[in-house]
Amino acid sequence: MVAPKPLHDRALDNLRFIRQTMERAGSFTAVPGWGQVAVGVTALVAAFLAARQATPELWLATWLGEAVVALAIGGSAMVRKAYAVHDPILSGPGRRFGLGFLPPMIVGGLLTVALYRAGQSHALPGTWLSLYGAGFVTGGAFSVRIVPVMGICFMVVGAAALFGPAAWGNALMAVGFGGLHIVFGMIIARRYGG
Amino acid sequence: MAKHVAARKAEAIETGLKGERGGLRAADLDRLIHERVRLGIVSALAVNDALSFNQLKALLKTTDGNLSVHARRLEDAQYITCTKSFEGRIPKTEYRLTGAGRRALERYLDHMEALIHATRHG
């Protein structure tokens, strides 16, 4: 005869179930895992191409091109994920994420212009990575834990780019926008519905 | 069979437990949200303003019929509200947690914690 599960264990199971359900529910996240993986792959290609550019202008153009591609991939993946669960993109989790994510991106755009004009292009990788991470931390404050954790990782890589040698900039862009997107994208895709 | 008997026995102990320990009474357990799918619905809605039928179905990995039945029971108890609308031409069913539902979940959480505390220190 199998011994009945102790009440204590059953209560713990119930609490665990509630917590896991809440975590998953908060994650009808708008953040699309497979979209992140795709963005990571294009970022690795961009890093490879950018490293071969002769001038800072061409390097910047390569990464700005990647930003447009990433925006298109990320945006369409977000819409597809929202449609898959009939989630209105302009309300619910998508809206909450967008409200937190957009302000650091806007600041990133402004700083890009300001730093480029000041001839401080070497500070761009750190600025982009840090602000992108900040966007995931603030946007992800309403989402599952992995989203702000990903943001913190971006901020750490961004800090390394800001305070490390300028020569590390492009490689750290590959680590952040390439590596972190792929790793976290796969986790989000597998655990949080695509 | 033995497994079934054991499970029944545990259930009987749980429902029959009169907690003199810290005033805990497992018999007071809210059976309505003790069931897994219903507990899942209430928990999911506790962290969202509203969730659609399809979102809940995907989240709880359950069938249309099962979700409908359990959601209806929660609606009947006024733990959740259901709104039906159209998004374009597509019908949409959306659920929200009511104040009574939130309080029921809080009571349930308190109950589970008290149960753990009682069995640890009992």
# chains A, B, ... in the order shown; residues from 1 in each chain; ligands from 1
$ residues_around --residues "range 148-157 of chain A" --least-positions-apart "5" --cutoff "9 Å" --atoms "only C-alpha atoms" --output "PyMOL selection string"
chain A and resi 126+129-141+143+162+172-173+175-177+180-181+184
$ write_last_selection --atoms "N, CA and C atoms" --output "PDB file, in the first residue's frame"
ATOM      1  N   GLY A 126      28.385  50.504 -25.391  1.00  0.00           N
ATOM      2  CA  GLY A 126      28.005  50.473 -23.970  1.00  0.00           C
ATOM      3  C   GLY A 126      26.669  51.151 -23.727  1.00  0.00           C
ATOM      4  N   LEU A 129      23.822  48.867 -25.277  1.00  0.00           N
ATOM      5  CA  LEU A 129      23.597  47.642 -24.493  1.00  0.00           C
ATOM      6  C   LEU A 129      22.950  47.970 -23.140  1.00  0.00           C
ATOM      7  N   SER A 130      23.447  49.017 -22.484  1.00  0.00           N
ATOM      8  CA  SER A 130      22.925  49.381 -21.156  1.00  0.00           C
ATOM      9  C   SER A 130      21.463  49.812 -21.244  1.00  0.00           C
ATOM     10  N   LEU A 131      21.165  50.661 -22.232  1.00  0.00           N
ATOM     11  CA  LEU A 131      19.781  51.161 -22.329  1.00  0.00           C
ATOM     12  C   LEU A 131      18.820  50.073 -22.799  1.00  0.00           C
ATOM     13  N   TYR A 132      19.298  49.207 -23.675  1.00  0.00           N
ATOM     14  CA  TYR A 132      18.462  48.088 -24.118  1.00  0.00           C
ATOM     15  C   TYR A 132      18.145  47.197 -22.908  1.00  0.00           C
ATOM     16  N   GLY A 133      19.183  46.954 -22.094  1.00  0.00           N
ATOM     17  CA  GLY A 133      18.973  46.168 -20.869  1.00  0.00           C
ATOM     18  C   GLY A 133      18.008  46.861 -19.930  1.00  0.00           C
ATOM     19  N   ALA A 134      18.181  48.186 -19.789  1.00  0.00           N
ATOM     20  CA  ALA A 134      17.282  48.944 -18.910  1.00  0.00           C
ATOM     21  C   ALA A 134      15.834  48.828 -19.402  1.00  0.00           C
ATOM     22  N   GLY A 135      15.662  48.804 -20.725  1.00  0.00           N
ATOM     23  CA  GLY A 135      14.319  48.654 -21.297  1.00  0.00           C
ATOM     24  C   GLY A 135      13.687  47.334 -20.911  1.00  0.00           C
ATOM     25  N   PHE A 136      14.487  46.267 -20.912  1.00  0.00           N
ATOM     26  CA  PHE A 136      13.948  44.960 -20.530  1.00  0.00           C
ATOM     27  C   PHE A 136      13.684  44.870 -19.032  1.00  0.00           C
ATOM     28  N   VAL A 137      14.503  45.587 -18.256  1.00  0.00           N
ATOM     29  CA  VAL A 137      14.262  45.584 -16.805  1.00  0.00           C
ATOM     30  C   VAL A 137      12.959  46.316 -16.498  1.00  0.00           C
ATOM     31  N   THR A 138      12.769  47.484 -17.093  1.00  0.00           N
ATOM     32  CA  THR A 138      11.554  48.253 -16.793  1.00  0.00           C
ATOM     33  C   THR A 138      10.321  47.622 -17.447  1.00  0.00           C
ATOM     34  N   GLY A 139      10.439  47.218 -18.715  1.00  0.00           N
ATOM     35  CA  GLY A 139       9.310  46.560 -19.382  1.00  0.00           C
ATOM     36  C   GLY A 139       8.990  45.239 -18.735  1.00  0.00           C
ATOM     37  N   GLY A 140      10.037  44.529 -18.323  1.00  0.00           N
ATOM     38  CA  GLY A 140       9.863  43.198 -17.741  1.00  0.00           C
ATOM     39  C   GLY A 140       9.450  43.213 -16.291  1.00  0.00           C
ATOM     40  N   ALA A 141       9.352  44.408 -15.712  1.00  0.00           N
ATOM     41  CA  ALA A 141       8.919  44.483 -14.302  1.00  0.00           C
ATOM     42  C   ALA A 141       7.515  43.906 -14.159  1.00  0.00           C
ATOM     43  N   SER A 143       6.464  41.391 -16.071  1.00  0.00           N
ATOM     44  CA  SER A 143       6.461  40.109 -16.777  1.00  0.00           C
ATOM     45  C   SER A 143       7.119  39.040 -15.916  1.00  0.00           C
ATOM     46  N   LEU A 162      31.220  50.008 -21.642  1.00  0.00           N
ATOM     47  CA  LEU A 162      31.448  51.421 -21.301  1.00  0.00           C
ATOM     48  C   LEU A 162      32.806  51.641 -20.641  1.00  0.00           C
ATOM     49  N   LEU A 172      31.592  42.885 -27.716  1.00  0.00           N
ATOM     50  CA  LEU A 172      30.565  42.869 -26.660  1.00  0.00           C
ATOM     51  C   LEU A 172      29.164  43.055 -27.247  1.00  0.00           C
ATOM     52  N   MET A 173      29.069  43.766 -28.363  1.00  0.00           N
ATOM     53  CA  MET A 173      27.777  43.866 -29.062  1.00  0.00           C
ATOM     54  C   MET A 173      27.343  42.470 -29.521  1.00  0.00           C
ATOM     55  N   VAL A 175      28.294  39.630 -28.151  1.00  0.00           N
ATOM     56  CA  VAL A 175      27.946  38.860 -26.949  1.00  0.00           C
ATOM     57  C   VAL A 175      26.536  39.224 -26.473  1.00  0.00           C
ATOM     58  N   GLY A 176      26.254  40.529 -26.419  1.00  0.00           N
ATOM     59  CA  GLY A 176      24.955  40.979 -25.918  1.00  0.00           C
ATOM     60  C   GLY A 176      23.834  40.749 -26.913  1.00  0.00           C
ATOM     61  N   PHE A 177      23.862  41.494 -28.000  1.00  0.00           N
ATOM     62  CA  PHE A 177      22.745  41.426 -28.953  1.00  0.00           C
ATOM     63  C   PHE A 177      22.672  40.071 -29.665  1.00  0.00           C
ATOM     64  N   LEU A 180      23.206  36.866 -25.883  1.00  0.00           N
ATOM     65  CA  LEU A 180      22.141  36.944 -24.859  1.00  0.00           C
ATOM     66  C   LEU A 180      20.764  36.759 -25.487  1.00  0.00           C
ATOM     67  N   HIS A 181      20.566  37.338 -26.680  1.00  0.00           N
ATOM     68  CA  HIS A 181      19.264  37.167 -27.348  1.00  0.00           C
ATOM     69  C   HIS A 181      18.994  35.692 -27.632  1.00  0.00           C
ATOM     70  N   PHE A 184      18.593  33.651 -24.040  1.00  0.00           N
ATOM     71  CA  PHE A 184      17.346  33.967 -23.332  1.00  0.00           C
ATOM     72  C   PHE A 184      16.129  33.722 -24.229  1.00  0.00           C
TER      73      PHE A 184
END
$ select_by_dssp --residues "chain A" --states "alpha helix (DSSP H)" --output "JSON, numbers by chain"
{"A": [7, 8, 9, 10, 11, 12, 13, 14, 15, 16, 17, 18, 19, 20, 21, 22, 23, 24, 25, 26, 33, 34, 35, 36, 37, 38, 39, 40, 41, 42, 43, 44, 45, 46, 47, 48, 49, 50, 56, 57, 58, 59, 60, 61, 62, 63, 64, 65, 66, 67, 68, 69, 70, 71, 72, 73, 74, 75, 76, 77, 78, 79, 80, 81, 82, 83, 84, 93, 94, 95, 96, 97, 98, 99, 100, 101, 102, 103, 104, 105, 106, 107, 108, 109, 110, 111, 112, 113, 114, 115, 116, 117, 124, 125, 126, 127, 128, 129, 130, 131, 132, 133, 134, 135, 136, 137, 138, 139, 146, 147, 148, 149, 150, 151, 152, 153, 154, 155, 156, 157, 158, 159, 160, 161, 162, 163, 169, 170, 171, 172, 173, 181, 182, 183, 184, 185, 186, 187, 188, 189, 190, 191]}
$ residues_around --residues "range 66-75 of chain A" --least-positions-apart "2" --cutoff "9 Å" --atoms "only C-alpha atoms" --output "PyMOL selection string"
chain A and resi 31-32+35-36+38-40+42-43+45-46+61-64+77-80
$ write_last_selection --atoms "N, CA and C atoms" --output "PDB file, in the first residue's frame"
ATOM      1  N   VAL A  31       6.965  39.244 -24.926  1.00  0.00           N
ATOM      2  CA  VAL A  31       8.337  39.043 -25.434  1.00  0.00           C
ATOM      3  C   VAL A  31       8.388  37.709 -26.188  1.00  0.00           C
ATOM      4  N   PRO A  32       8.661  37.762 -27.484  1.00  0.00           N
ATOM      5  CA  PRO A  32       8.636  36.532 -28.279  1.00  0.00           C
ATOM      6  C   PRO A  32       9.995  35.834 -28.262  1.00  0.00           C
ATOM      7  N   GLY A  35      11.498  35.026 -31.727  1.00  0.00           N
ATOM      8  CA  GLY A  35      11.860  36.302 -32.347  1.00  0.00           C
ATOM      9  C   GLY A  35      13.203  36.783 -31.816  1.00  0.00           C
ATOM     10  N   GLN A  36      13.400  36.592 -30.505  1.00  0.00           N
ATOM     11  CA  GLN A  36      14.672  36.988 -29.894  1.00  0.00           C
ATOM     12  C   GLN A  36      15.824  36.170 -30.469  1.00  0.00           C
ATOM     13  N   ALA A  38      15.968  34.841 -33.419  1.00  0.00           N
ATOM     14  CA  ALA A  38      16.219  35.335 -34.785  1.00  0.00           C
ATOM     15  C   ALA A  38      16.992  36.650 -34.748  1.00  0.00           C
ATOM     16  N   VAL A  39      16.613  37.534 -33.825  1.00  0.00           N
ATOM     17  CA  VAL A  39      17.324  38.811 -33.688  1.00  0.00           C
ATOM     18  C   VAL A  39      18.787  38.547 -33.294  1.00  0.00           C
ATOM     19  N   GLY A  40      18.998  37.577 -32.430  1.00  0.00           N
ATOM     20  CA  GLY A  40      20.357  37.223 -32.008  1.00  0.00           C
ATOM     21  C   GLY A  40      21.209  36.769 -33.184  1.00  0.00           C
ATOM     22  N   THR A  42      20.762  37.504 -36.400  1.00  0.00           N
ATOM     23  CA  THR A  42      21.072  38.630 -37.298  1.00  0.00           C
ATOM     24  C   THR A  42      22.112  39.562 -36.653  1.00  0.00           C
ATOM     25  N   ALA A  43      22.079  39.659 -35.306  1.00  0.00           N
ATOM     26  CA  ALA A  43      23.061  40.508 -34.618  1.00  0.00           C
ATOM     27  C   ALA A  43      24.468  39.931 -34.753  1.00  0.00           C
ATOM     28  N   VAL A  45      25.519  38.210 -37.278  1.00  0.00           N
ATOM     29  CA  VAL A  45      25.917  38.529 -38.655  1.00  0.00           C
ATOM     30  C   VAL A  45      26.345  40.003 -38.731  1.00  0.00           C
ATOM     31  N   ALA A  46      25.562  40.872 -38.083  1.00  0.00           N
ATOM     32  CA  ALA A  46      25.885  42.301 -38.093  1.00  0.00           C
ATOM     33  C   ALA A  46      27.236  42.560 -37.434  1.00  0.00           C
ATOM     34  N   ALA A  61      26.535  52.567 -39.516  1.00  0.00           N
ATOM     35  CA  ALA A  61      25.470  52.255 -40.482  1.00  0.00           C
ATOM     36  C   ALA A  61      25.103  50.773 -40.421  1.00  0.00           C
ATOM     37  N   THR A  62      26.103  49.927 -40.240  1.00  0.00           N
ATOM     38  CA  THR A  62      25.841  48.482 -40.163  1.00  0.00           C
ATOM     39  C   THR A  62      24.940  48.173 -38.972  1.00  0.00           C
ATOM     40  N   TRP A  63      25.267  48.752 -37.830  1.00  0.00           N
ATOM     41  CA  TRP A  63      24.479  48.463 -36.631  1.00  0.00           C
ATOM     42  C   TRP A  63      23.105  49.129 -36.680  1.00  0.00           C
ATOM     43  N   LEU A  64      23.023  50.280 -37.304  1.00  0.00           N
ATOM     44  CA  LEU A  64      21.694  50.913 -37.437  1.00  0.00           C
ATOM     45  C   LEU A  64      20.810  50.072 -38.364  1.00  0.00           C
ATOM     46  N   ALA A  77       7.305  39.273 -34.663  1.00  0.00           N
ATOM     47  CA  ALA A  77       7.205  38.086 -33.792  1.00  0.00           C
ATOM     48  C   ALA A  77       6.279  38.371 -32.608  1.00  0.00           C
ATOM     49  N   MET A  78       6.329  39.602 -32.128  1.00  0.00           N
ATOM     50  CA  MET A  78       5.479  39.996 -30.997  1.00  0.00           C
ATOM     51  C   MET A  78       3.998  39.956 -31.409  1.00  0.00           C
ATOM     52  N   VAL A  79       3.741  40.477 -32.589  1.00  0.00           N
ATOM     53  CA  VAL A  79       2.354  40.487 -33.087  1.00  0.00           C
ATOM     54  C   VAL A  79       1.874  39.057 -33.307  1.00  0.00           C
ATOM     55  N   ARG A  80       2.738  38.212 -33.896  1.00  0.00           N
ATOM     56  CA  ARG A  80       2.350  36.819 -34.147  1.00  0.00           C
ATOM     57  C   ARG A  80       2.075  36.084 -32.847  1.00  0.00           C
TER      58      ARG A  80
END
$ residues_around --residues "Asp30 in chain B" --least-positions-apart "6" --cutoff "12 Å" --atoms "only C-alpha atoms" --output "ChimeraX atom specification"
/B:15,38-39,74,77,79,101,103-112
$ write_last_selection --atoms "C-alpha atoms" --output "tab-separated table (two decimals), in the first residue's frame"
chain	number	residue	atom	x	y	z
B	15	THR	CA	-11.10	17.36	5.36
B	38	ARG	CA	-10.12	26.44	-10.85
B	39	LEU	CA	-7.12	27.24	-8.65
B	74	LEU	CA	-16.28	30.18	-10.50
B	77	ALA	CA	-19.74	31.67	-7.10
B	79	TYR	CA	-15.31	34.69	-7.99
B	101	GLY	CA	-12.42	35.84	-5.87
B	103	ARG	CA	-10.31	37.34	-1.10
B	104	ALA	CA	-11.00	33.64	-1.63
B	105	LEU	CA	-7.51	33.16	-3.07
B	106	GLU	CA	-5.97	35.07	-0.16
B	107	ARG	CA	-7.89	32.90	2.31
B	108	TYR	CA	-6.77	29.80	0.46
B	109	LEU	CA	-3.12	30.92	0.57
B	110	ASP	CA	-3.44	31.67	4.29
B	111	HIS	CA	-4.96	28.27	4.76
B	112	MET	CA	-2.14	26.45	2.96
$ residues_around --residues "range 87-100 of chain B" --least-positions-apart "2" --cutoff "7 Å" --atoms "only C-alpha atoms" --output "PyMOL selection string"
chain B and resi 42+45-46+49-53+78-85+102-104
$ residues_around --residues "Met22 in chain A" --least-positions-apart "6" --cutoff "7 Å" --atoms "only C-alpha atoms" --output "PyMOL selection string"
chain B and resi 43-44+47
$ closest_residue --among "A:Ala25, A:Ala166, A:Gln20, A:Gly108" --to "chain B" --atoms "only C-alpha atoms"
A:Ala25
$ closest_residue --among "A:Val183, A:Pro165, A:Ser76, A:Arg96" --to "chain B" --atoms "only C-alpha atoms"
A:Arg96
$ residues_around --residues "Glu57 in chain A" --least-positions-apart "6" --cutoff "12 Å" --atoms "only C-alpha atoms" --output "list in words"
Ala50, Trp63, Leu64, Tyr116, Arg117, Gly119, Gln120, Ser121 and His122 of chain A
$ write_last_selection --atoms "N, CA and C atoms" --output "tab-separated table (two decimals), in the first residue's frame"
chain	number	residue	atom	x	y	z
A	50	ALA	N	30.16	44.38	-39.21
A	50	ALA	CA	30.58	45.66	-38.65
A	50	ALA	C	32.08	45.67	-38.35
A	63	TRP	N	25.27	48.75	-37.83
A	63	TRP	CA	24.48	48.46	-36.63
A	63	TRP	C	23.11	49.13	-36.68
A	64	LEU	N	23.02	50.28	-37.30
A	64	LEU	CA	21.69	50.91	-37.44
A	64	LEU	C	20.81	50.07	-38.36
A	116	TYR	N	27.41	60.60	-31.46
A	116	TYR	CA	28.01	60.60	-32.80
A	116	TYR	C	28.49	62.00	-33.16
A	117	ARG	N	27.64	62.99	-32.89
A	117	ARG	CA	28.01	64.39	-33.19
A	117	ARG	C	29.23	64.82	-32.39
A	119	GLY	N	31.63	63.01	-31.60
A	119	GLY	CA	32.79	62.18	-31.96
A	119	GLY	C	33.10	61.12	-30.92
A	120	GLN	N	32.06	60.70	-30.18
A	120	GLN	CA	32.25	59.71	-29.12
A	120	GLN	C	31.63	58.36	-29.50
A	121	SER	N	31.80	57.98	-30.75
A	121	SER	CA	31.16	56.75	-31.23
A	121	SER	C	31.59	55.51	-30.44
A	122	HIS	N	32.79	55.57	-29.87
A	122	HIS	CA	33.27	54.40	-29.11
A	122	HIS	C	32.39	54.12	-27.89
$ atom_distance --atom1 "CA of Phe17 in chain A" --atom2 "CA of Thr119 in chain B"
19.5 Å
